[in-house]
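Source file: model03.cif. Holds: mmCIF, C-alpha atoms and all ligand atoms.
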```
data_upload
#
loop_
_atom_site.label_atom_id
_atom_site.label_comp_id
_atom_site.auth_asym_id
_atom_site.auth_seq_id
_atom_site.Cartn_x
_atom_site.Cartn_y
_atom_site.Cartn_z
CA MET W 848 0.00 0.00 0.00
CA GLU W 849 2.66 2.42 1.04
CA THR W 850 4.45 2.22 -2.25
CA ARG W 851 1.21 2.91 -4.12
CA VAL W 852 -0.09 5.72 -1.94
CA PHE W 853 3.14 7.58 -1.65
CA PRO W 854 3.65 8.41 -5.33
CA LEU W 855 0.02 9.40 -5.56
CA LEU W 856 0.31 11.64 -2.53
CA SER W 857 3.52 13.13 -3.75
CA SER W 858 2.12 13.85 -7.20
CA PHE W 859 -0.97 15.31 -5.52
CA LEU W 860 1.25 17.56 -3.42
CA SER W 861 3.29 18.54 -6.43
CA ILE W 862 0.10 19.52 -8.24
CA ILE W 863 -0.90 21.67 -5.27
CA PHE W 864 2.57 23.14 -5.15
CA LEU W 865 2.45 23.88 -8.83
CA ALA W 866 -0.98 25.43 -8.55
CA THR W 867 -0.11 27.63 -5.60
CA SER W 868 3.27 28.65 -6.97
CA GLN W 869 1.64 29.54 -10.29
CA ALA W 870 -0.97 31.58 -8.49
CA SER W 871 1.65 33.47 -6.52
CA ASP W 872 3.82 33.86 -9.63
CA LEU W 873 0.94 35.55 -11.34
CA HIS W 874 0.16 37.55 -8.19
CA ILE W 875 -3.48 36.60 -8.32
CA PRO W 876 -5.06 37.98 -5.19
CA HIS W 877 -7.87 35.91 -3.81
CA GLN W 878 -10.45 38.65 -3.63
CA ILE W 879 -13.82 37.99 -2.18
CA HIS W 880 -16.54 39.86 -3.99
CA LEU W 881 -19.52 40.46 -1.78
CA LEU W 882 -22.93 39.71 -3.14
CA ARG W 883 -24.35 43.03 -1.97
CA PRO W 884 -21.30 45.21 -1.90
CA GLN W 885 -23.14 48.43 -1.21
CA SER W 886 -24.73 47.51 2.06
CA GLY W 887 -23.40 46.15 5.31
CA ALA W 888 -25.22 45.20 8.49
CA HIS W 889 -28.60 46.94 8.76
CA GLY W 890 -28.18 48.27 5.24
CA HIS W 891 -25.41 50.67 6.17
CA ASP W 892 -23.15 51.68 3.34
CA ILE W 893 -19.70 50.22 3.24
CA PRO W 894 -17.82 53.05 1.60
CA GLY W 895 -15.55 52.06 -1.25
CA LEU W 896 -16.62 48.49 -1.79
CA SER W 897 -18.50 49.13 -4.99
CA CYS W 898 -15.64 51.13 -6.49
CA LEU W 899 -14.25 48.11 -8.31
CA SER W 900 -17.52 47.81 -10.22
CA TRP W 901 -17.51 51.52 -10.83
CA ARG W 902 -14.01 51.33 -12.33
CA LEU W 903 -15.00 48.37 -14.49
CA SER W 904 -17.92 50.31 -15.97
CA VAL W 905 -15.61 53.24 -16.64
CA GLU W 906 -13.00 51.14 -18.42
CA THR W 907 -15.56 49.27 -20.48
CA HIS W 908 -17.24 52.52 -21.54
CA ASN W 909 -20.54 51.51 -20.05
CA LEU W 910 -20.35 54.54 -17.81
CA VAL W 911 -19.95 57.64 -19.99
CA GLY W 912 -20.07 61.37 -19.43
CA TRP W 913 -19.15 61.15 -15.76
CA LYS W 914 -17.74 64.32 -14.25
CA THR W 915 -15.85 63.18 -11.17
CA VAL W 916 -14.81 60.04 -9.34
CA PRO W 917 -17.44 59.28 -6.66
CA GLN W 918 -16.33 60.76 -3.36
CA GLN W 919 -16.39 57.37 -1.62
CA CYS W 920 -13.96 55.99 -4.24
CA GLU W 921 -11.16 58.47 -3.59
CA ASN W 922 -9.16 56.02 -1.49
CA TYR W 923 -9.88 53.17 -3.84
CA VAL W 924 -8.73 55.08 -6.92
CA GLY W 925 -5.72 56.43 -5.01
CA HIS W 926 -4.63 52.95 -4.01
CA TYR W 927 -5.24 51.66 -7.51
CA MET W 928 -3.18 54.37 -9.17
CA LEU W 929 -0.31 54.35 -6.70
CA GLY W 930 -0.26 50.60 -6.24
CA LYS W 931 0.66 47.65 -8.37
CA GLN W 932 -2.64 47.11 -10.12
CA TYR W 933 -2.45 50.17 -12.36
CA ARG W 934 1.04 49.14 -13.46
CA ASP W 935 -0.10 45.54 -14.02
CA ASP W 936 -3.15 46.62 -16.02
CA SER W 937 -1.03 48.93 -18.17
CA LYS W 938 1.49 46.14 -18.69
CA ALA W 939 -1.25 43.78 -19.86
CA VAL W 940 -2.27 46.35 -22.49
CA VAL W 941 1.27 47.10 -23.61
CA ASN W 942 2.18 43.41 -23.80
CA GLU W 943 -0.57 42.91 -26.36
CA ALA W 944 0.61 45.97 -28.26
CA LEU W 945 4.18 44.64 -28.25
CA LEU W 946 3.07 41.24 -29.54
CA TYR W 947 1.10 42.95 -32.28
CA ALA W 948 4.00 45.26 -33.18
CA GLN W 949 6.41 42.33 -33.36
CA SER W 950 4.07 40.43 -35.65
CA LEU W 951 3.94 43.22 -38.22
CA LYS W 952 5.64 43.02 -41.57
CA VAL W 953 6.80 46.60 -41.63
CA ALA W 954 7.28 48.17 -45.06
CA GLY W 955 9.68 50.74 -43.65
CA ASP W 956 8.70 53.39 -46.17
CA GLY W 957 8.39 56.06 -43.50
CA LYS W 958 4.62 56.21 -43.93
CA GLU W 959 3.71 53.83 -41.14
CA ILE W 960 2.74 55.61 -37.96
CA TRP W 961 1.69 54.74 -34.44
CA VAL W 962 -0.49 57.33 -32.69
CA PHE W 963 0.13 58.00 -29.01
CA ASP W 964 -2.10 60.15 -26.85
CA ILE W 965 -0.14 62.10 -24.22
CA ASP W 966 -1.85 62.64 -20.85
CA GLU W 967 -2.22 59.39 -18.89
CA THR W 968 -0.94 57.51 -21.94
CA THR W 969 2.60 58.80 -22.45
CA LEU W 970 2.95 61.23 -19.55
CA SER W 971 1.44 60.66 -16.13
CA ASN W 972 -0.13 63.52 -14.19
CA LEU W 973 -0.44 61.42 -11.08
CA PRO W 974 1.40 63.93 -8.83
CA TYR W 975 -1.26 66.49 -9.73
CA PHE W 976 -4.17 64.13 -9.16
CA ALA W 977 -2.71 62.83 -5.90
CA LYS W 978 -2.88 66.43 -4.64
CA HIS W 979 -6.41 66.95 -5.97
CA GLY W 980 -8.43 64.07 -4.60
CA PHE W 981 -7.70 61.47 -7.30
CA GLY W 982 -10.39 62.73 -9.63
CA THR W 983 -13.00 63.40 -6.95
CA GLU W 984 -12.61 67.17 -7.35
CA PRO W 985 -14.29 68.74 -10.41
CA TYR W 986 -11.87 69.41 -13.26
CA ASN W 987 -10.18 72.75 -12.74
CA ALA W 988 -8.61 74.00 -15.97
CA THR W 989 -6.63 76.70 -14.16
CA THR W 990 -4.79 74.45 -11.72
CA PHE W 991 -4.39 71.63 -14.22
CA ASN W 992 -2.85 73.92 -16.82
CA GLU W 993 -0.53 75.34 -14.19
CA TRP W 994 0.64 71.80 -13.52
CA VAL W 995 1.12 71.11 -17.23
CA MET W 996 3.19 74.29 -17.58
CA GLU W 997 5.58 73.00 -14.92
CA GLY W 998 6.58 70.27 -17.39
CA LYS W 999 6.85 67.67 -14.65
CA GLY W 1000 4.76 64.90 -16.22
CA LEU W 1001 6.30 61.49 -15.60
CA ALA W 1002 6.94 58.84 -18.23
CA LEU W 1003 4.50 55.97 -18.08
CA PRO W 1004 7.03 53.14 -18.05
CA GLU W 1005 5.02 50.57 -19.99
CA THR W 1006 4.24 53.07 -22.74
CA LEU W 1007 7.91 54.05 -22.90
CA LYS W 1008 8.67 50.39 -23.56
CA LEU W 1009 6.16 50.33 -26.42
CA TYR W 1010 7.49 53.62 -27.79
CA GLN W 1011 11.03 52.26 -27.92
CA LYS W 1012 9.88 49.06 -29.60
CA VAL W 1013 7.80 50.91 -32.22
CA LEU W 1014 10.72 53.21 -33.02
CA SER W 1015 13.12 50.30 -33.35
CA LEU W 1016 10.79 48.71 -35.90
CA GLY W 1017 11.00 51.81 -38.09
CA ILE W 1018 7.44 52.93 -37.42
CA LYS W 1019 7.05 56.69 -36.97
CA ILE W 1020 5.64 58.17 -33.78
CA VAL W 1021 2.78 60.67 -33.79
CA PHE W 1022 1.66 62.33 -30.58
CA LEU W 1023 -1.96 63.48 -30.79
CA THR W 1024 -3.05 65.31 -27.68
CA GLY W 1025 -5.91 67.35 -26.28
CA ARG W 1026 -3.34 69.81 -24.94
CA THR W 1027 -3.49 73.16 -26.69
CA GLU W 1028 -1.10 74.72 -29.16
CA SER W 1029 0.04 77.16 -26.45
CA GLN W 1030 1.43 74.19 -24.55
CA ARG W 1031 3.60 72.96 -27.42
CA SER W 1032 7.00 73.93 -26.11
CA VAL W 1033 6.46 72.77 -22.53
CA THR W 1034 5.01 69.49 -23.82
CA ALA W 1035 7.92 68.85 -26.20
CA THR W 1036 10.43 69.60 -23.45
CA ASN W 1037 8.59 67.39 -20.98
CA LEU W 1038 8.44 64.48 -23.45
CA LYS W 1039 12.15 64.68 -24.21
CA LYS W 1040 13.12 65.00 -20.57
CA VAL W 1041 11.50 61.67 -19.69
CA GLY W 1042 12.73 59.67 -22.68
CA PHE W 1043 10.36 60.34 -25.58
CA HIS W 1044 13.04 62.06 -27.62
CA THR W 1045 11.83 61.76 -31.19
CA TRP W 1046 8.61 61.90 -33.20
CA GLU W 1047 7.27 62.48 -36.67
CA LYS W 1048 4.67 64.95 -35.50
CA LEU W 1049 3.33 66.41 -32.29
CA ILE W 1050 -0.26 67.50 -32.85
CA LEU W 1051 -1.91 69.79 -30.34
CA ARG W 1052 -5.44 71.13 -30.33
CA GLY W 1053 -5.54 74.29 -32.44
CA PRO W 1054 -8.07 77.12 -32.08
CA SER W 1055 -10.21 75.70 -34.94
CA TYR W 1056 -11.16 72.82 -32.65
CA THR W 1057 -12.27 74.96 -29.70
CA GLY W 1058 -15.52 73.60 -28.30
CA LYS W 1059 -15.43 70.54 -30.58
CA PRO W 1060 -15.59 67.09 -29.02
CA ALA W 1061 -12.29 65.26 -28.60
CA VAL W 1062 -13.50 62.44 -30.85
CA ALA W 1063 -14.11 64.87 -33.73
CA TYR W 1064 -10.73 66.58 -33.28
CA LYS W 1065 -8.74 63.38 -33.11
CA SER W 1066 -10.63 61.68 -35.93
CA ASN W 1067 -10.06 64.63 -38.21
CA GLU W 1068 -6.34 64.83 -37.47
CA ARG W 1069 -5.94 61.10 -38.14
CA LYS W 1070 -7.88 61.48 -41.36
CA ILE W 1071 -5.46 64.18 -42.51
CA PHE W 1072 -2.58 61.77 -41.95
CA GLU W 1073 -4.22 59.09 -44.03
CA LYS W 1074 -5.01 61.61 -46.78
CA ASN W 1075 -1.32 62.40 -46.84
CA GLY W 1076 -0.47 58.77 -47.48
CA TYR W 1077 0.34 57.70 -43.94
CA ARG W 1078 -0.92 54.38 -42.61
CA ILE W 1079 -1.96 54.25 -38.95
CA ILE W 1080 -0.63 50.91 -37.77
CA GLY W 1081 -1.41 51.37 -34.09
CA ASN W 1082 -3.21 53.82 -31.82
CA ILE W 1083 -2.97 53.94 -28.04
CA GLY W 1084 -4.77 56.11 -25.52
CA ASP W 1085 -6.34 56.11 -22.07
CA GLN W 1086 -9.63 57.70 -23.19
CA TRP W 1087 -12.25 56.11 -25.40
CA SER W 1088 -12.26 59.36 -27.36
CA ASP W 1089 -8.68 58.48 -28.40
CA ILE W 1090 -9.72 55.29 -30.12
CA LEU W 1091 -13.33 55.88 -31.22
CA GLY W 1092 -14.44 57.86 -34.27
CA THR W 1093 -12.94 57.45 -37.73
CA ASN W 1094 -9.49 56.57 -39.05
CA THR W 1095 -8.69 54.85 -35.78
CA GLY W 1096 -5.88 52.75 -37.21
CA ASN W 1097 -5.34 49.03 -37.70
CA ARG W 1098 -5.38 48.32 -33.99
CA THR W 1099 -6.28 50.34 -30.95
CA PHE W 1100 -5.14 49.88 -27.38
CA LYS W 1101 -6.93 51.29 -24.34
CA LEU W 1102 -4.89 52.03 -21.24
CA PRO W 1103 -6.60 52.26 -17.86
CA ASP W 1104 -7.68 55.62 -16.49
CA PRO W 1105 -10.22 55.95 -13.68
CA LEU W 1106 -9.26 59.59 -12.94
CA TYR W 1107 -11.22 61.54 -15.51
CA TYR W 1108 -13.42 61.26 -18.58
CA VAL W 1109 -12.80 63.26 -21.74
CA GLY W 1110 -15.65 64.02 -24.10
CA LYS W 1111 -18.50 66.44 -24.41
CA GLN W 1112 -20.26 64.21 -26.90
CA CYS W 1113 -22.76 63.03 -24.30
CA ARG W 1114 -25.24 65.82 -24.88
CA LYS W 1115 -26.66 63.96 -27.86
CA TYR W 1116 -26.62 60.65 -26.05
CA VAL W 1117 -28.46 62.02 -23.04
CA GLY W 1118 -30.88 63.83 -25.30
CA HIS W 1119 -31.72 60.69 -27.23
CA TYR W 1120 -32.02 58.72 -24.04
CA MET W 1121 -34.40 61.18 -22.40
CA LEU W 1122 -36.54 61.76 -25.47
CA GLY W 1123 -36.50 58.17 -26.67
CA GLN W 1124 -38.01 54.91 -25.61
CA GLN W 1125 -35.22 53.90 -23.24
CA TYR W 1126 -35.97 56.44 -20.53
CA ARG W 1127 -39.59 55.36 -20.55
CA ASP W 1128 -38.60 51.67 -20.49
CA ASP W 1129 -36.18 52.17 -17.62
CA SER W 1130 -38.79 54.09 -15.66
CA LYS W 1131 -41.32 51.39 -16.37
CA ALA W 1132 -38.99 48.71 -15.04
CA VAL W 1133 -38.73 50.65 -11.78
CA ILE W 1134 -42.43 51.32 -11.49
CA ASN W 1135 -43.34 47.72 -12.30
CA GLU W 1136 -41.38 46.59 -9.26
CA ALA W 1137 -43.01 49.27 -7.15
CA LEU W 1138 -46.46 48.16 -8.38
CA LEU W 1139 -45.71 44.52 -7.58
CA TYR W 1140 -44.54 45.55 -4.14
CA ALA W 1141 -47.60 47.70 -3.54
CA GLN W 1142 -49.91 44.86 -4.61
CA SER W 1143 -48.17 42.41 -2.28
CA LEU W 1144 -48.66 44.56 0.82
CA LYS W 1145 -50.98 43.59 3.65
CA LEU W 1146 -52.16 47.04 4.57
CA ILE W 1147 -53.76 48.18 7.77
CA GLY W 1148 -55.71 50.98 6.08
CA ASP W 1149 -55.65 53.21 9.16
CA GLY W 1150 -54.72 56.27 7.12
CA LYS W 1151 -51.23 56.27 8.58
CA GLU W 1152 -49.55 54.40 5.77
CA ILE W 1153 -47.77 56.75 3.41
CA TRP W 1154 -45.74 56.62 0.20
CA VAL W 1155 -43.26 59.43 -0.33
CA PHE W 1156 -42.84 60.90 -3.82
CA ASP W 1157 -40.18 63.34 -4.83
CA ILE W 1158 -41.42 65.83 -7.44
CA ASP W 1159 -38.89 66.97 -10.05
CA LYS W 1160 -37.99 64.18 -12.48
CA THR W 1161 -39.96 61.76 -10.31
CA THR W 1162 -43.51 63.04 -10.48
CA LEU W 1163 -43.16 65.98 -12.86
CA SER W 1164 -40.82 66.07 -15.83
CA ASN W 1165 -38.67 69.11 -16.55
CA LEU W 1166 -37.59 67.71 -19.88
CA PRO W 1167 -38.74 70.67 -22.02
CA TYR W 1168 -36.49 72.87 -19.89
CA PHE W 1169 -33.50 70.55 -20.14
CA ALA W 1170 -34.02 70.01 -23.88
CA LYS W 1171 -33.60 73.76 -24.28
CA HIS W 1172 -30.57 73.88 -22.02
CA GLY W 1173 -28.20 71.20 -23.24
CA PHE W 1174 -29.62 68.16 -21.45
CA GLY W 1175 -27.69 68.78 -18.27
CA THR W 1176 -24.41 69.76 -19.93
CA LYS W 1177 -24.79 73.39 -18.83
CA PRO W 1178 -24.20 74.38 -15.23
CA TYR W 1179 -27.26 74.55 -13.01
CA ASN W 1180 -28.81 78.02 -13.18
CA ALA W 1181 -31.32 78.63 -10.38
CA THR W 1182 -32.73 81.77 -12.00
CA ILE W 1183 -33.65 80.08 -15.25
CA ILE W 1184 -34.95 76.89 -13.66
CA ASN W 1185 -37.13 78.82 -11.21
CA GLY W 1186 -38.53 80.76 -14.13
CA TRP W 1187 -39.42 77.46 -15.78
CA VAL W 1188 -41.04 76.13 -12.58
CA MET W 1189 -43.22 79.26 -12.41
CA GLU W 1190 -44.60 78.44 -15.86
CA ARG W 1191 -46.15 75.28 -14.33
CA LYS W 1192 -45.70 73.38 -17.56
CA ALA W 1193 -43.97 70.35 -16.10
CA ALA W 1194 -45.78 67.29 -17.44
CA ALA W 1195 -46.57 64.17 -15.44
CA LEU W 1196 -44.13 61.30 -15.68
CA PRO W 1197 -46.55 58.67 -16.98
CA GLU W 1198 -45.08 55.72 -15.11
CA SER W 1199 -45.11 57.60 -11.80
CA LEU W 1200 -48.69 58.63 -12.46
CA LYS W 1201 -49.55 54.95 -12.85
CA LEU W 1202 -48.00 54.18 -9.47
CA TYR W 1203 -49.75 57.15 -7.89
CA LYS W 1204 -53.10 55.96 -9.23
CA LYS W 1205 -52.45 52.46 -7.92
CA LEU W 1206 -51.66 53.65 -4.40
CA LEU W 1207 -54.78 55.75 -3.87
CA PRO W 1208 -57.33 52.88 -4.06
CA LEU W 1209 -55.04 50.89 -1.74
CA LYS W 1210 -55.65 53.71 0.76
CA ILE W 1211 -51.96 54.52 0.98
CA LYS W 1212 -51.54 58.24 1.55
CA VAL W 1213 -49.30 60.17 -0.80
CA VAL W 1214 -46.76 62.63 0.53
CA PHE W 1215 -44.85 64.87 -1.84
CA LEU W 1216 -41.47 65.80 -0.42
CA THR W 1217 -39.61 68.17 -2.72
CA GLY W 1218 -36.54 70.35 -2.89
CA ARG W 1219 -38.73 73.09 -4.33
CA ALA W 1220 -39.07 76.14 -2.09
CA GLU W 1221 -42.09 77.09 0.04
CA GLU W 1222 -42.75 80.11 -2.20
CA GLN W 1223 -43.38 77.67 -5.06
CA ARG W 1224 -46.28 75.99 -3.20
CA ILE W 1225 -49.11 77.44 -5.24
CA VAL W 1226 -47.49 76.95 -8.59
CA THR W 1227 -46.48 73.40 -7.65
CA THR W 1228 -49.98 72.58 -6.44
CA ASN W 1229 -51.48 73.89 -9.67
CA ASN W 1230 -48.96 72.04 -11.76
CA LEU W 1231 -49.54 68.72 -9.95
CA LYS W 1232 -53.32 68.99 -10.26
CA LYS W 1233 -53.17 70.02 -13.89
CA PHE W 1234 -51.44 66.74 -14.82
CA GLY W 1235 -53.48 64.29 -12.77
CA PHE W 1236 -51.98 64.31 -9.29
CA HIS W 1237 -55.12 65.71 -7.70
CA THR W 1238 -54.90 64.64 -4.08
CA TRP W 1239 -52.30 64.12 -1.34
CA GLU W 1240 -51.86 63.94 2.40
CA LYS W 1241 -49.12 66.51 2.50
CA LEU W 1242 -46.97 68.57 0.15
CA ILE W 1243 -43.70 69.40 1.86
CA LEU W 1244 -41.51 72.12 0.40
CA LYS W 1245 -38.18 73.45 1.54
C1 LIG P 1301 -9.73 76.48 -9.70
O1 LIG P 1301 -8.73 76.61 -8.73
C2 LIG P 1301 -8.41 77.95 -8.45
C3 LIG P 1301 -7.18 77.95 -7.56
O2 LIG P 1301 -7.36 77.10 -6.46
C4 LIG P 1301 -9.60 78.63 -7.80
O3 LIG P 1301 -9.32 79.97 -7.50
C5 LIG P 1301 -10.77 78.55 -8.77
O4 LIG P 1301 -11.92 79.06 -8.19
C6 LIG P 1301 -11.01 77.13 -9.23
N1 LIG P 1301 -11.94 77.14 -10.32
C7 LIG P 1301 -13.04 76.39 -10.32
C8 LIG P 1301 -13.92 76.48 -11.51
O5 LIG P 1301 -13.30 75.64 -9.38
C1 LIG P 1302 -4.17 47.70 -41.95
O1 LIG P 1302 -5.51 47.64 -42.41
C2 LIG P 1302 -5.61 47.77 -43.82
C3 LIG P 1302 -7.07 47.90 -44.16
O2 LIG P 1302 -7.81 46.89 -43.56
C4 LIG P 1302 -4.92 46.60 -44.49
O3 LIG P 1302 -5.02 46.70 -45.88
C5 LIG P 1302 -3.47 46.56 -44.06
O4 LIG P 1302 -2.84 45.43 -44.54
C6 LIG P 1302 -3.34 46.60 -42.55
N1 LIG P 1302 -1.96 46.79 -42.20
C7 LIG P 1302 -1.34 46.06 -41.29
C8 LIG P 1302 0.07 46.42 -41.05
O5 LIG P 1302 -1.89 45.17 -40.68
C1 LIG P 1303 -28.41 82.43 -15.18
O1 LIG P 1303 -29.12 82.86 -16.31
C2 LIG P 1303 -29.42 84.26 -16.33
C3 LIG P 1303 -30.37 84.53 -17.47
O2 LIG P 1303 -29.89 83.95 -18.68
C4 LIG P 1303 -28.12 85.02 -16.42
O3 LIG P 1303 -28.36 86.40 -16.45
C5 LIG P 1303 -27.26 84.65 -15.22
O4 LIG P 1303 -25.98 85.25 -15.35
C6 LIG P 1303 -27.08 83.15 -15.11
N1 LIG P 1303 -26.45 82.84 -13.84
C7 LIG P 1303 -25.40 82.06 -13.74
C8 LIG P 1303 -24.89 81.81 -12.37
O5 LIG P 1303 -24.90 81.53 -14.71
#
```
Encoding of this model in structure tokens:
Amino acid sequence: METRVFPLLSSFLSIIFLATSQASDLHIPHQIHLLRPQSGAHGHDIPGLSCLSWRLSVETHNLVGWKTVPQQCENYVGHYMLGKQYRDDSKAVVNEALLYAQSLKVAGDGKEIWVFDIDETTLSNLPYFAKHGFGTEPYNATTFNEWVMEGKGLALPETLKLYQKVLSLGIKIVFLTGRTESQRSVTATNLKKVGFHTWEKLILRGPSYTGKPAVAYKSNERKIFEKNGYRIIGNIGDQWSDILGTNTGNRTFKLPDPLYYVGKQCRKYVGHYMLGQQYRDDSKAVINEALLYAQSLKLIGDGKEIWVFDIDKTTLSNLPYFAKHGFGTKPYNATIINGWVMERKAAALPESLKLYKKLLPLKIKVVFLTGRAEEQRIVTTNNLKKFGFHTWEKLILK
């Protein structure tokens, strides 16, 4: 028996050893992902735990048009950027780019180019973001430009590796950046200082692109290259706006960046969403659950059971206002929005009206609790009644 068991046991152990040593070689952390990461005991928030999902949606471009990193993710993003994971994720991207580059049969006619974005692709602004809340503070053009003008951007080491490889293959380098023409000299100096010493062209955003989305600017500049007989072999950036659009090149590579989101092209997206079927469908999905819940209740019917409704964008829609004012892309202007409220033209949100009408026969009292001000009581009352919300237990204004 001994002679039979022992080899088995030893091969079993060697398999375990192999498995564990492979796992530690690859530095795979054994993370436990909670089923309900946003709530702890008694439903209390556990700050930070959903930040991994947040970052995943950012990197996969499911989350678009976001303005800042959620406050509760500051530590998470800070640890990610300063720790090993950011480097590992960048390495995984660059390794693929290197494999691709090596596989190319380069013509070497000087017309093959590889497009590199600059900020968070070639140069890192991490010292700036570490001082400014790792993306949790709103973008401040003044302080960010001051930082750029210091010329202290760091080389992103994995990208530097790719840059050197691409150069050695005889492919030309093009830097295509959202930085402005006025930052040309500081950018060139900064690039050279950290090892990016040569390029075919450094393209900065000229005045003709002011106010244009990044995707349009970068697409157009790449198109000009192709018109001039260049062939874009590769294209690497940290923003989706670097690699979407037209003339994107034979292959694109997306580096991680959970710090900020470039692109003003969401106005159209939000507009289509709000005016189209999807907003209605999404609202319906919410209300259907609420209806099911309401139907399932065993109510006492003592007149003390209430359902709280918010008003703006819950009960009444301000869509005509927002359609006129950039679908949320313009800063909030209290004067204009109060003027709109006074017109009492806010229509009922049809799904919410359905819920409202369901609750009344169930003898659940409706309470409206709104951020609108007390001086808007009459106009709000009129507006609610005009669109079918004719009765309530209480209307609470600020
Ligand atoms: C940007 O930062 C500067 C300097 O701290 C400050 O004076 C300014 O108000 C900020 N701008 C915005 C839009 O927050
Ligand atoms: C790049 O794509 C074009 C168009 O699909 C193709 O003709 C060309 O061979 C590709 N070049 C490389 C280097 O893969
Ligand atoms: C809000 O809009 C009004 C009217 O267009 C304008 O006069 C005012 O300057 C705006 N306020 C802000 C804070 O932008």
Item to check | Given 6 Å and all atoms listed in the file, residues near ligand LIG 1301 (chain P) as a list of chain:residue names | outcome: W:Asn987, W:Thr989, W:Thr990
I need the residues from that last selection saved to file as a JSON list (two decimals), keeping the file's coordinate frame (with C-alpha atoms), if you can.
```json
[["chain", "number", "residue", "atom", "x", "y", "z"],
["W", 987, "ASN", "CA", -10.18, 72.75, -12.74],
["W", 989, "THR", "CA", -6.63, 76.70, -14.16],
["W", 990, "THR", "CA", -4.79, 74.45, -11.72]]
```
Item to check | Contacts to ligand LIG 1303 (chain P) at 10 Å cut-off (all atoms listed in the file) as a PyMOL selection string | outcome: chain W and resi 1177-1184+1186
Checklist entry - Using only C-alpha atoms, which of W:Asn972, W:Thr1024, W:Asn1037, W:Ser1066 sits nearest Ile1090 (chain W)? => result W:Ser1066
Checklist entry - Counting all atoms listed in the file, what residues are within 10 Å of ligand LIG 1302 (chain P), given as JSON, numbers by chain? => result {"W": [947, 948, 950, 951, 952, 953, 954, 959, 1078, 1079, 1080, 1081, 1096, 1097, 1098]}
Item to check | Non-local contacts of Gln1086 (chain W) (9 Å; all atoms listed in the file; under 6 positions in same chain excluded) as a PyMOL selection string | outcome: chain W and resi 906+964+967-968+1101-1104+1107-1110
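Look at Ser1088 (chain W): the protein and nucleic acid residues within 10 Å of it, using all atoms listed in the file and passing over chain neighbours fewer than 4 places away, are Pro1060, Ala1061, Val1062, Ala1063, Tyr1064, Lys1065, Ser1066, Gly1084, Gly1092, Tyr1108, Val1109, Gly1110, Lys1111 and Gln1112 of chain W.
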Next on the checklist: Need the shell around Thr1162 (chain W): protein/DNA/RNA residues with any atom at most 6 Å away, counting all atoms listed in the file. Skip same-chain ones fewer than 5 positions apart. Format as an MDAnalysis selection string?
Outcome noted: chainID W and resid 1195:1196 1199
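In this model, the gap between CA of Ile1147 (chain W) and CA of Glu1240 (chain W) comes to 16.8 Å.
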Where is the centre and how long are the edges: axis-aligned box on region 1165-1177 of chain W, 5 Å on each side, Å to one decimal, as JSON:
```
{"center_x": -31.6, "center_y": 70.8, "center_z": -20.4, "size_x": 24.3, "size_y": 16.2, "size_z": 17.7}
```
Checklist outcome for this item: Judged by only C-alpha atoms, the minimum distance to Gln949 (chain W) among W:Arg1031, W:His926, W:Lys999, W:Lys1012 is found for W:Lys1012
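The interatomic distance for the pair CA of Met928 (chain W) and CA of Leu1003 (chain W) works out to 11.9 Å.
In this model, the gap between CA of Lys1201 (chain W) and CA of Glu1222 (chain W) comes to 28.2 Å.
Shortest separation to Ile965 (chain W) among W:Ser1164, W:Thr1227, W:Thr1027, W:Asn1185 occurs at residue W:Thr1027, atoms counted being all atoms listed in the file.
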Checklist outcome for this item: Counting all atoms listed in the file, closest pick from W:Glu1068, W:Glu1047, W:Asp1128, W:Glu943 relative to Thr1006 (chain W) is W:Glu943
May I have the residues within 12 Å of Met1189 (chain W) as a PDB file with C-alpha atoms, in the coordinates of the input, using only C-alpha atoms and disregarding those fewer than 6 positions away in the same chain?
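Generated file (selection-v4.pdb):
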```pdb
ATOM      1  CA  ASN W1165     -38.670  69.110 -16.550  1.00  0.00           C
ATOM      2  CA  TYR W1168     -36.490  72.870 -19.890  1.00  0.00           C
ATOM      3  CA  THR W1182     -32.730  81.770 -12.000  1.00  0.00           C
ATOM      4  CA  ILE W1183     -33.650  80.080 -15.250  1.00  0.00           C
ATOM      5  CA  ARG W1219     -38.730  73.090  -4.330  1.00  0.00           C
ATOM      6  CA  ALA W1220     -39.070  76.140  -2.090  1.00  0.00           C
ATOM      7  CA  GLU W1222     -42.750  80.110  -2.200  1.00  0.00           C
ATOM      8  CA  GLN W1223     -43.380  77.670  -5.060  1.00  0.00           C
ATOM      9  CA  ARG W1224     -46.280  75.990  -3.200  1.00  0.00           C
ATOM     10  CA  ILE W1225     -49.110  77.440  -5.240  1.00  0.00           C
ATOM     11  CA  VAL W1226     -47.490  76.950  -8.590  1.00  0.00           C
ATOM     12  CA  THR W1227     -46.480  73.400  -7.650  1.00  0.00           C
ATOM     13  CA  THR W1228     -49.980  72.580  -6.440  1.00  0.00           C
ATOM     14  CA  ASN W1229     -51.480  73.890  -9.670  1.00  0.00           C
ATOM     15  CA  ASN W1230     -48.960  72.040 -11.760  1.00  0.00           C
TER      16      ASN W1230
END
```
Item to check | Contacts of Cys920 (chain W) at 12 Å (all atoms listed in the file; same-chain gap of 4+ positions) as number ranges by chain | outcome: W: 893-902, 915-916, 924-928, 980-984, 1105-1106
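Considering only C-alpha atoms, the residue among W:Arg1127, W:Lys1212, W:His979, W:Lys1204 positioned nearest to Val1155 (chain W) is W:Lys1212.
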Checklist entry - Around (8.6, 59.9, -27.1) in the file's own coordinates, what residues are found within 12 Å if you use all atoms listed in the file, given back as a PyMOL selection string? => result chain W and resi 961-965+968-970+1001-1004+1006-1014+1019-1023+1034-1049
